[in-house]
Each structure stands twice: as C-alpha cells, then as structure tokens.
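Data from coords_8.csv: CSV, C-alpha atoms
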chain,number,residue,atom,x,y,z
B,1,MET,CA,25.1,60.6,65.7
B,2,ASP,CA,23.6,57.6,64.1
B,3,ASN,CA,25.5,55.9,61.1
B,4,PRO,CA,22.9,53.9,59.1
B,5,GLN,CA,25.5,52.2,57.0
B,6,LYS,CA,27.4,51.1,60.1
B,7,ASP,CA,24.2,49.9,61.6
B,8,ARG,CA,23.3,47.9,58.5
B,9,THR,CA,26.8,46.4,58.4
B,10,GLU,CA,26.5,45.5,62.1
B,11,GLU,CA,23.1,43.9,61.4
B,12,ILE,CA,24.5,41.9,58.6
B,13,MET,CA,27.4,40.7,60.7
B,14,ARG,CA,25.1,39.7,63.5
B,15,TYR,CA,22.9,37.8,61.1
B,16,LEU,CA,25.8,36.0,59.5
B,17,ASP,CA,27.2,35.1,62.9
B,18,ASN,CA,23.8,33.9,64.2
B,19,ARG,CA,24.0,36.5,67.0
B,20,MET,CA,20.4,37.8,66.4
B,21,THR,CA,17.5,36.9,68.6
B,22,GLU,CA,14.7,35.0,67.0
B,23,ASN,CA,12.6,38.1,66.5
B,24,GLU,CA,15.5,40.1,65.2
B,25,ARG,CA,16.3,37.4,62.7
B,26,LEU,CA,12.6,37.2,61.5
B,27,ASP,CA,12.4,40.9,61.1
B,28,PHE,CA,15.7,41.0,59.2
B,29,GLU,CA,14.6,38.2,56.8
B,30,ALA,CA,11.3,40.0,56.3
B,31,GLU,CA,13.3,43.1,55.4
B,32,MET,CA,15.4,41.2,52.9
B,33,LYS,CA,12.3,40.0,51.1
B,34,HIS,CA,11.5,43.7,50.3
B,35,ASP,CA,15.0,44.9,49.8
B,36,ILE,CA,16.5,43.1,46.8
B,37,GLN,CA,19.9,44.8,47.2
B,38,LEU,CA,20.2,43.8,50.8
B,39,SER,CA,19.1,40.3,50.0
B,40,ALA,CA,21.7,40.0,47.2
B,41,GLU,CA,24.4,41.3,49.4
B,42,VAL,CA,23.6,39.0,52.3
B,43,GLY,CA,23.3,36.1,49.8
B,44,ASP,CA,26.8,36.8,48.4
B,45,LEU,CA,28.2,37.1,51.9
B,46,VAL,CA,26.6,33.8,52.9
B,47,MET,CA,28.2,32.2,49.8
B,48,ALA,CA,31.6,33.6,50.7
B,49,ARG,CA,31.2,32.4,54.3
B,50,ASP,CA,30.2,28.9,53.2
B,51,ALA,CA,33.1,28.8,50.8
B,52,VAL,CA,35.4,29.5,53.7
B,53,LYS,CA,33.7,26.8,55.7
B,54,LEU,CA,34.0,24.4,52.8
B,55,PHE,CA,37.7,25.3,52.4
B,56,GLY,CA,38.2,24.7,56.1
B,57,ILE,CA,36.4,21.3,56.0
B,58,ASN,CA,38.5,20.2,53.0
B,59,ASN,CA,41.7,21.3,54.9
B,60,ASP,CA,40.6,19.4,58.0
B,61,VAL,CA,39.8,16.2,55.9
B,62,SER,CA,43.3,16.5,54.3
B,63,ARG,CA,45.0,16.9,57.6
B,64,ILE,CA,43.1,14.0,59.1
B,65,ARG,CA,44.1,11.8,56.2
B,66,LYS,CA,47.7,12.7,56.5
B,67,GLU,CA,47.8,12.2,60.2
B,68,ALA,CA,45.9,8.9,60.2
B,69,PRO,CA,46.9,6.8,57.2
B,70,GLY,CA,44.9,3.9,58.7
B,71,ASN,CA,41.7,5.8,58.0
B,72,ILE,CA,42.6,6.2,54.4
B,73,LYS,CA,43.1,2.4,54.2
B,74,GLN,CA,39.7,1.9,55.5
B,75,GLU,CA,38.4,3.9,52.6
B,76,THR,CA,40.6,2.1,50.2
B,77,PRO,CA,37.9,-0.3,49.0
B,78,VAL,CA,35.7,2.5,48.0
B,79,ILE,CA,38.6,4.3,46.3
B,80,LYS,CA,39.7,1.2,44.4
B,81,MET,CA,36.2,0.6,43.0
B,82,PRO,CA,36.9,2.6,39.8
B,83,PRO,CA,40.0,0.4,38.9
B,84,TYR,CA,38.0,-2.7,39.5
B,85,ARG,CA,35.2,-1.4,37.3
B,86,LYS,CA,37.8,-0.5,34.7
B,87,LEU,CA,39.2,-4.0,34.8
B,88,LEU,CA,35.7,-5.4,34.5
B,89,ARG,CA,34.9,-3.1,31.7
B,90,TYR,CA,38.2,-3.9,29.9
B,91,SER,CA,37.6,-7.6,30.4
B,92,ILE,CA,34.1,-7.4,29.0
B,93,ALA,CA,35.4,-5.3,26.1
B,94,ALA,CA,38.2,-7.9,25.5
B,95,ALA,CA,35.7,-10.8,25.6
B,96,ALA,CA,33.4,-8.9,23.2
B,97,SER,CA,36.3,-8.3,20.8
B,98,VAL,CA,37.3,-12.0,20.9
B,99,LEU,CA,33.7,-12.9,20.2
B,100,LEU,CA,33.5,-10.4,17.4
B,101,LEU,CA,36.7,-11.7,15.8
B,102,PHE,CA,35.4,-15.2,16.1
B,103,PHE,CA,32.1,-14.5,14.4
B,104,ALA,CA,33.8,-12.3,11.8
B,105,ALA,CA,36.3,-15.0,11.1
B,106,ARG,CA,33.5,-17.5,10.7
B,107,PHE,CA,31.5,-15.2,8.5
B,108,PHE,CA,34.4,-14.3,6.2
B,109,ASP,CA,36.3,-17.6,6.2
B,110,ASP,CA,33.6,-20.2,6.2
B,111,PRO,CA,32.6,-19.8,2.5
B,112,LEU,CA,36.2,-20.5,1.4
B,113,SER,CA,36.9,-23.2,3.9
B,114,THR,CA,33.6,-24.9,3.2
B,115,ALA,CA,34.3,-25.0,-0.5
B,116,ASP,CA,37.6,-26.7,0.4
B,117,GLN,CA,35.9,-29.0,2.8
B,118,PHE,CA,33.4,-30.1,0.1
B,119,TYR,CA,36.3,-30.7,-2.3
B,120,ASN,CA,38.3,-32.7,0.2
B,121,GLU,CA,35.1,-34.7,1.2
B,122,GLY,CA,34.3,-35.5,-2.4
B,123,TYR,CA,37.8,-36.2,-3.7
B,124,SER,CA,39.3,-39.7,-3.9
B,125,ARG,CA,42.7,-40.2,-5.5
B,126,TYR,CA,42.6,-42.3,-8.5
B,127,GLU,CA,44.5,-45.6,-8.1
B,128,ILE,CA,45.9,-47.2,-11.2
B,129,PRO,CA,44.4,-50.7,-11.4
B,130,ALA,CA,46.6,-53.4,-9.9
B,131,LEU,CA,46.2,-55.4,-13.0
B,132,ARG,CA,48.2,-52.8,-14.9
B,133,GLY,CA,51.0,-53.0,-12.4
B,134,THR,CA,51.6,-56.7,-12.4
B,135,GLY,CA,52.1,-58.1,-16.0
B,136,THR,CA,52.4,-54.9,-17.9
B,137,THR,CA,55.2,-52.3,-17.9
B,138,LEU,CA,54.0,-49.0,-16.5
B,139,SER,CA,54.6,-45.9,-18.6
B,140,ALA,CA,56.9,-43.2,-17.3
B,141,ALA,CA,53.8,-41.0,-16.5
B,142,GLU,CA,52.2,-43.8,-14.6
B,143,GLN,CA,55.4,-44.5,-12.6
B,144,ALA,CA,55.7,-40.8,-11.8
B,145,TYR,CA,52.0,-40.8,-10.7
B,146,LEU,CA,52.5,-43.8,-8.4
B,147,THR,CA,55.4,-42.0,-6.7
B,148,GLY,CA,53.4,-38.8,-6.3
B,149,ASN,CA,55.6,-36.9,-8.7
B,150,TYR,CA,52.7,-34.9,-10.2
B,151,THR,CA,54.9,-32.2,-11.8
B,152,GLU,CA,56.7,-34.9,-13.8
B,153,VAL,CA,53.3,-36.3,-14.8
B,154,ILE,CA,52.3,-32.9,-16.2
B,155,ASN,CA,55.6,-32.4,-17.9
B,156,LEU,CA,55.4,-35.7,-19.6
B,157,TYR,CA,51.9,-35.0,-20.7
B,158,HIS,CA,52.9,-31.7,-22.3
B,159,GLY,CA,56.0,-33.3,-23.8
B,160,GLU,CA,54.1,-35.9,-25.8
B,161,THR,CA,51.2,-36.0,-28.2
B,162,GLY,CA,48.6,-38.6,-28.9
B,163,HIS,CA,47.7,-39.3,-25.3
B,164,THR,CA,45.8,-42.4,-24.2
B,165,PRO,CA,42.7,-41.8,-22.0
B,166,GLY,CA,44.6,-43.2,-19.1
B,167,GLU,CA,47.4,-40.7,-19.6
B,168,MET,CA,44.9,-37.9,-19.9
B,169,LEU,CA,43.2,-38.9,-16.7
B,170,ILE,CA,46.3,-39.1,-14.5
B,171,ALA,CA,47.6,-35.8,-16.1
B,172,GLY,CA,44.3,-34.1,-15.1
B,173,ILE,CA,44.5,-35.5,-11.6
B,174,ALA,CA,48.1,-34.4,-11.4
B,175,CYS,CA,46.9,-30.9,-12.2
B,176,LEU,CA,44.3,-31.1,-9.5
B,177,GLU,CA,46.8,-32.3,-7.0
B,178,THR,CA,49.1,-29.4,-7.8
B,179,GLY,CA,46.3,-26.8,-7.6
B,180,LYS,CA,46.0,-26.2,-11.4
B,181,ALA,CA,42.2,-26.5,-11.5
B,182,SER,CA,41.8,-24.7,-14.8
B,183,GLU,CA,44.2,-26.9,-16.6
B,184,ALA,CA,42.6,-30.0,-15.0
B,185,ILE,CA,39.2,-28.8,-16.4
B,186,GLU,CA,40.6,-28.6,-19.9
B,187,ILE,CA,42.1,-32.1,-19.7
B,188,PHE,CA,39.0,-33.7,-18.2
B,189,SER,CA,36.7,-32.0,-20.6
B,190,ALA,CA,38.9,-33.2,-23.5
B,191,LEU,CA,38.9,-36.7,-22.1
B,192,ARG,CA,35.1,-36.7,-21.8
B,193,ASP,CA,34.6,-35.3,-25.3
B,194,LYS,CA,37.0,-37.9,-26.6
B,195,GLY,CA,34.9,-40.7,-25.1
B,196,ILE,CA,31.8,-39.2,-26.5
B,197,ALA,CA,33.3,-38.7,-29.9
B,198,GLU,CA,34.7,-42.3,-30.0
B,199,ASN,CA,31.5,-43.6,-28.5
B,200,THR,CA,33.3,-45.3,-25.7
B,201,ASN,CA,32.9,-45.3,-22.0
B,202,SER,CA,36.6,-45.7,-21.3
B,203,PHE,CA,37.4,-43.4,-18.4
B,204,ARG,CA,34.3,-41.3,-19.1
B,205,ASP,CA,32.9,-41.8,-15.6
B,206,GLU,CA,36.2,-40.9,-14.1
B,207,ALA,CA,36.5,-37.9,-16.4
B,208,GLU,CA,33.1,-36.5,-15.3
B,209,TYR,CA,33.7,-37.2,-11.7
B,210,TYR,CA,37.1,-35.4,-11.6
B,211,LEU,CA,35.7,-32.7,-13.9
B,212,ALA,CA,33.0,-32.0,-11.4
B,213,LEU,CA,35.6,-31.7,-8.6
B,214,ALA,CA,37.8,-29.5,-10.8
B,215,TYR,CA,34.9,-27.1,-11.3
B,216,LEU,CA,34.4,-27.1,-7.5
B,217,LYS,CA,38.0,-26.5,-6.9
B,218,ASN,CA,37.9,-23.6,-9.4
B,219,ASN,CA,34.8,-22.2,-7.6
B,220,ASN,CA,32.7,-22.8,-10.8
B,221,TYR,CA,29.7,-24.1,-8.9
B,222,THR,CA,27.2,-23.6,-11.7
B,223,SER,CA,29.2,-26.0,-13.9
B,224,ALA,CA,29.9,-28.4,-11.0
B,225,ILE,CA,26.4,-28.9,-9.7
B,226,PRO,CA,24.8,-30.3,-13.0
B,227,LEU,CA,27.6,-32.8,-13.3
B,228,MET,CA,27.3,-33.8,-9.7
B,229,GLU,CA,23.5,-34.2,-10.1
B,230,LYS,CA,24.0,-36.3,-13.2
B,231,ILE,CA,26.5,-38.6,-11.5
B,232,SER,CA,24.4,-38.9,-8.4
B,233,ALA,CA,21.3,-39.9,-10.4
B,234,ASP,CA,23.1,-42.6,-12.3
B,235,LYS,CA,23.2,-45.7,-10.0
B,236,ASN,CA,25.5,-47.5,-12.4
B,237,ASN,CA,28.1,-44.7,-12.1
B,238,PRO,CA,30.8,-45.9,-9.6
B,239,TYR,CA,31.0,-42.4,-8.2
B,240,HIS,CA,27.3,-41.8,-7.6
B,241,ARG,CA,27.6,-42.3,-3.9
B,242,LYS,CA,30.2,-39.5,-3.7
B,243,PHE,CA,27.6,-36.8,-4.5
B,244,THR,CA,24.7,-37.3,-2.1
B,245,ALA,CA,21.7,-35.0,-2.1
B,246,GLY,CA,23.0,-33.3,1.1
B,247,TYR,CA,26.4,-32.8,-0.5
B,248,ILE,CA,25.0,-31.2,-3.6
B,249,SER,CA,22.6,-29.1,-1.5
B,250,GLY,CA,25.6,-27.8,0.4
B,251,VAL,CA,27.5,-27.0,-2.8
B,252,LYS,CA,24.5,-25.0,-4.0
B,253,LYS,CA,24.7,-22.8,-0.9
B,254,LEU,CA,28.3,-21.8,-1.6
L,1,MET,CA,36.0,34.7,68.3
L,2,LYS,CA,37.7,34.3,71.6
L,3,GLU,CA,40.1,31.8,70.2
L,4,ILE,CA,40.9,34.2,67.3
L,5,LEU,CA,41.3,37.1,69.7
L,6,MET,CA,43.7,35.1,71.8
L,7,GLN,CA,45.8,34.1,68.9
L,8,THR,CA,45.8,37.4,67.0
L,9,GLY,CA,46.2,40.0,69.7
L,10,TYR,CA,43.4,42.3,68.5
L,11,GLU,CA,42.0,44.6,71.2
L,12,ASN,CA,38.6,43.0,71.6
L,13,GLU,CA,36.1,40.7,69.9
L,14,GLN,CA,34.4,43.5,68.1
L,15,VAL,CA,37.6,44.3,66.3
L,16,VAL,CA,37.9,40.7,65.3
L,17,ARG,CA,34.4,40.7,64.1
L,18,ASN,CA,35.0,43.7,62.0
L,19,ARG,CA,38.2,42.2,60.5
L,20,LYS,CA,36.3,39.0,59.8
L,21,TYR,CA,33.5,41.0,58.0
L,22,LYS,CA,36.1,42.9,55.9
L,23,CYS,CA,37.8,39.7,54.9
L,24,LEU,CA,34.4,38.2,54.0
L,25,LYS,CA,33.5,41.3,52.1
L,26,GLN,CA,36.8,41.1,50.2
L,27,LEU,CA,36.2,37.5,49.4
L,28,GLU,CA,32.7,38.2,48.3
L,29,LYS,CA,34.0,40.9,45.9
L,30,MET,CA,36.6,38.5,44.5
L,31,ILE,CA,34.0,35.8,43.9
L,32,THR,CA,31.3,38.1,42.4
L,33,ALA,CA,33.9,39.7,40.1
L,34,ASN,CA,34.3,36.3,38.4
L,35,PRO,CA,30.8,35.0,37.3
L,36,ALA,CA,32.1,31.6,36.4
L,37,LEU,CA,33.8,31.2,39.8
L,38,LYS,CA,30.6,32.4,41.5
L,39,GLU,CA,28.6,29.8,39.6
L,40,THR,CA,31.0,27.1,40.6
L,41,PHE,CA,30.8,28.0,44.2
L,42,LYS,CA,27.0,28.1,44.1
L,43,ASN,CA,26.9,24.6,42.5
L,44,LEU,CA,29.4,23.3,45.1
L,45,LEU,CA,27.6,24.8,48.0
L,46,ASN,CA,24.0,23.9,46.9
L,47,GLY,CA,24.8,20.7,45.4

Is it possible to express this structure as structure tokens?
Amino acid sequence: MDNPQKDRTEEIMRYLDNRMTENERLDFEAEMKHDIQLSAEVGDLVMARDAVKLFGINNDVSRIRKEAPGNIKQETPVIKMPPYRKLLRYSIAAAASVLLLFFAARFFDDPLSTADQFYNEGYSRYEIPALRGTGTTLSAAEQAYLTGNYTEVINLYHGETGHTPGEMLIAGIACLETGKASEAIEIFSALRDKGIAENTNSFRDEAEYYLALAYLKNNNYTSAIPLMEKISADKNNPYHRKFTAGYISGVKKL
Amino acid sequence: MKEILMQTGYENEQVVRNRKYKCLKQLEKMITANPALKETFKNLLNG
C-alpha cells in the first residue's frame, strides 16, 4: 500500500541530497512553484542543511588554524590591520587635538598677550637725568627709584605732601612697575593737570607719555589712543616716535 | 553516507538517510521556532 507522506519525505530527501535525475529535479521544482507549503518546507530544510554545512566549515577552519599556527601567522597582517588603523586614527585625533588647542590658545590668549606686548614695546623706563646725580643730593625717593625699590618710592610718596613734579613722575612710574596701573593713572593725571594749571611744561610730556601707557596697561584703550595720537602728531614731543601709526593701529584692534 | 554508515553501525545507507532527515527536520523546527534565529541564519547564508 502506498504511503504518500513517506513518498513525499523520500522525494524531499532525494532532492536535498542531490540524488534526483535532472528530469525528476525539474519536475519537483515545478511542483514546488505550485505548492507553497512544500516550497516553504523544502526552503526551511535547505536552510537547516546549509546551517549545518556552515557550522562544519567553521569547525574545519578552527581545526586547521589550531593545527597549523603558521597559517594563522600568514593571515596576521590582515588581522592586524584594525589595530594599525586604530593607531592611525588615534594619531590623527591627537594631532587634531593639538592643533585645536594651539589655535584655541592663540584665539583666547592673543588679545591679552598682545596688549602686554604693546605695553612692553612702548614702555621705556624713565632715567633720572645724570645732571641731578652729580652735583645735587638725590632725594630718598630718587635713591630708591635708582635702586629699583619701587615699593619704597610709593611709600615715600604717600608719606609726604607737596610733591614736586619729579617726585610725582617717579612715583607714577613706580606704580606702573609694580602693576598698580590705576594708581599710576591718578598720579600722571594729577601731574599733567598740575603742569596745565601752572602753565609749565615741566614733566608734562613725560606725564602724558606714561599716562598713555598706564591706560594701556589698565586696558583702557579708549583713553590711551587719543593720547598716543596726540603724542605721535607732535614732532617736538620727545616720545612721538614711540607711538607710530602702526603701533596705534594695533592698539585700536585690541 | 558510506563513511557515516561505517562509523555508526546503522544497518544500511537508507537508515542513515532517514536519521539524517530526522535530524535535519529537528534542526529546522528549532530554527523556525525562533524567528530571530531564522532571520540570522538567512542573512548569514544569503549574505
């Protein structure tokens, strides 16, 4: 007695094992096109069979690798590519970070350092005229100034009243030297106003020159620039070469 | 099949084929019971 289910199973087995003749195979495939259930069943079995094959191939590859380590070494360059790429990638990232830091540092630090650079470029330390040092006794403030004891110069200035223009000037410069720009501005402004009030030019050029630098040091560019332009335009001013057009243009960009 | 027959001691090749089919069928059921696994296998085998 025929068993259709057994025949169908046998047919599927022969198809999966490639034991069908060419005509049988074509007929079976034609039947699958019409029988969706058969097609699905054979499809799933083919997948299972191929999964076993894949598992077998993977096992074979693993076994060969274990038995012949030399073969693995031959493949090593290909395997080592990812670490190399990683190294390259990290190197590029590191280089980019350094560049970024460099540009960031320039972007953020330049305005400050440039202001300092302008100050240092424009600043000249006032020298007490040699004539004062030969025949005349120097004041305590002047002696302190000559030795670079700026704190003492400032203390003496605050401890006395009725300052001469010379004492005011070196006190203002001592303030500049010790980073007290605001106090320097007050002293140089007072010195300039005193000259104007007394209608004398004594130390007025010096007062304006150091006042401009004190404004610059204090980041008060709007007050510094007009003074610098005034000094630069006055060819008789001994400091007019200090503030060139390029220098003032640079300060304007701060 | 002959190799398997020699190593397993089944009666004949047909028995081995039947055993193989049953194993395959069992594996197919395991795979189709897990749609995600089935999809993974499909991608692996077709891909």

*Using all atoms listed in the file, determine which residues of chain L fall within 9 Å of chain B; present them as an MDAnalysis selection string.*
chainID L and resid 17:18 21 24:25 27:29 31:32 38 41:42 44:45

*asked:* Report, in Å to a single decimal, how far apart CA of Glu167 (chain B) and CA of Ala140 (chain B) are.
replied: 10.1 Å

*asked:* Please compute the CA of Asn18 (chain B)-CA of Gly56 (chain B) distance, one decimal, in Å.
replied: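 It comes out at 18.9 Å.
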
*Find the distance between CA of Leu88 (chain B) and CA of Leu101 (chain B) and write it in Å to one decimal.*
19.8 Å

_Would you pick out the contacts of Glu208 (chain B) at 7 Å or less, using all atoms listed in the file, so that residues sharing its chain but fewer than 4 positions from it are not included, and give the list as a list in words?_
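My list of contacting residues is Arg192, Arg204, Ala212 and Leu227 of chain B.
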
_Nearby residues (all atoms listed in the file) at most 6 Å from region 180-188 of chain B, same-chain spacing under 3 positions excluded, as a PyMOL selection string_ = chain B and resi 172+175-176+191+207+211+214+218
